[in-house]
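Undergrad: One structure coming up, written as structure tokens, with questions to follow.
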Amino acid sequence: MARTRVRNSSLLALTLAAGLALTTTGCGGDTGSGSASTAPPASSGAKDSSPVVVATTTWEAALAKAAGAGDVEVIVPQSVQHAPDYDPKPSDLAAVADADYVLYAPFEPYAAKIKEAAGSDAELVEVALDNDADKAKAEVARLAQLFGTQDAAARWTASFDSQYAALQKGLKAKWPQGKRPTVVAQVFTTWAAKLAGAELAGTFGPEAVTAKQLSELSKTKPRLVLDNAHMTTGTVLPDSGAEQVEIVNYPGTDLDLLAVYRQAAKTVETAMAAS
């Protein structure tokens, strides 16, 4: 039976090359709990069975699962709020050694070190992490082409389109006074503004907001500030009257990518009602 596994054990740290440079990107938290088991979906490609995939975080893993991979293992525990901060464990190497594909993001440079140390023949695949609906679907389609699981990905995409449209419709019905809300968003949460059908008046981050930015963003008189849950710089527009909410980017251990959109919709809906 195919497996979807999430590693949460605490082991001795693996010593990797010193001076590894880390850059920042969108970070998030947990949207679910517990691991899920899934049977390998039907494949229209050359592969006879679902590939074994090791993903650095739940975000890459959720994209792989959406693409049709039924055996997915996650390296970075969900308790790690910022993936580049993770120090790989010796047991991670065993998982990589058996993988067909190792999925990582550009801001996780340790992924190549993991594969090299494990002596794995797995194909190392860089994944673009962006919850913009069109970009997420494109990445799912690309991975499905790689895995040979296009039929499963097509089914997921059809479900995604249906649920995404329903979330958009529901949020539009909750617009205050029936008017499109004006928002400002952290650069990695603009997708949530798009989901809400909001008018995006400006962006900030990932660095701290400067005095000039504060002045410019305040002039837009936003109703909502969409902050990044795990890269927050505190209250962005104090005394502006704008409702600030935290948007989560990373799926939970169930690897349900759609849960990220459902949670964002609920968060924004609650904020609109309170603003």
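Chain labels A, B, ... are given in the sequence in which chains occur in the structure tokens; within each chain residues are numbered consecutively from 1, and ligands are likewise numbered from 1 in the order shown.
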Quick one: residues within 8 Å of Ala196 in chain A, only C-alpha atoms, excluding same-chain residues fewer than 5 positions away - as a list in words?

TA: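 In the requested form, the answer reads Gln168, Leu171, Lys172, Ala265 and Val268 of chain A.
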
Undergrad: Please identify which residues in range 64-130 of chain A DSSP calls helix (DSSP H, G or I) from the backbone, and express them as a ChimeraX atom specification.

TA: /A:64-67,83-85,90-97,110-118

Undergrad: If we count only C-alpha atoms, what is near Leu129 in chain A at a cut-off of 8 Å, once residues fewer than 5 positions away on the same chain are taken out, given as a PyMOL selection string?

TA: chain A and resi 59-60+105+136

Undergrad: May I have the selected residues written with N, CA, C and O atoms, as a PDB file, in the first residue's frame?

TA:
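As a result, again-v8.pdb now contains:
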ATOM      1  N   TRP A  59       5.069  21.363   2.018  1.00  0.00           N
ATOM      2  CA  TRP A  59       4.609  22.116   0.842  1.00  0.00           C
ATOM      3  C   TRP A  59       4.951  21.358  -0.437  1.00  0.00           C
ATOM      4  O   TRP A  59       4.094  21.101  -1.291  1.00  0.00           O
ATOM      5  N   GLU A  60       6.228  20.978  -0.596  1.00  0.00           N
ATOM      6  CA  GLU A  60       6.610  20.178  -1.747  1.00  0.00           C
ATOM      7  C   GLU A  60       5.862  18.845  -1.764  1.00  0.00           C
ATOM      8  O   GLU A  60       5.433  18.366  -2.823  1.00  0.00           O
ATOM      9  N   ALA A 105      13.044  23.114  -2.473  1.00  0.00           N
ATOM     10  CA  ALA A 105      12.866  24.482  -2.957  1.00  0.00           C
ATOM     11  C   ALA A 105      14.224  25.175  -2.981  1.00  0.00           C
ATOM     12  O   ALA A 105      15.150  24.781  -2.261  1.00  0.00           O
ATOM     13  N   ALA A 136       0.317  27.078  -8.716  1.00  0.00           N
ATOM     14  CA  ALA A 136       0.264  25.787  -8.023  1.00  0.00           C
ATOM     15  C   ALA A 136      -0.202  24.690  -8.975  1.00  0.00           C
ATOM     16  O   ALA A 136       0.372  23.587  -9.003  1.00  0.00           O
TER      17      ALA A 136
END

Undergrad: Hey, which of A:Val72, A:Gly252, A:Val96, A:Arg155 ends up closest to Glu123 in chain A? Count only C-alpha atoms.

TA: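 Ranking A:Val72, A:Gly252, A:Val96, A:Arg155 by distance to Glu123 in chain A, first place goes to A:Val96.
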
Undergrad: If you run DSSP on this backbone, which residues of range 218-263 of chain A come out as strand (DSSP E or B), and could you give them as a PyMOL selection string?

TA: chain A and resi 224-228+243-247

Undergrad: Could you tell me which of A:Gln213, A:Glu199, A:Gln78, A:Leu63 comes closest to Ala138 in chain A if we count only C-alpha atoms?

TA: A:Leu63
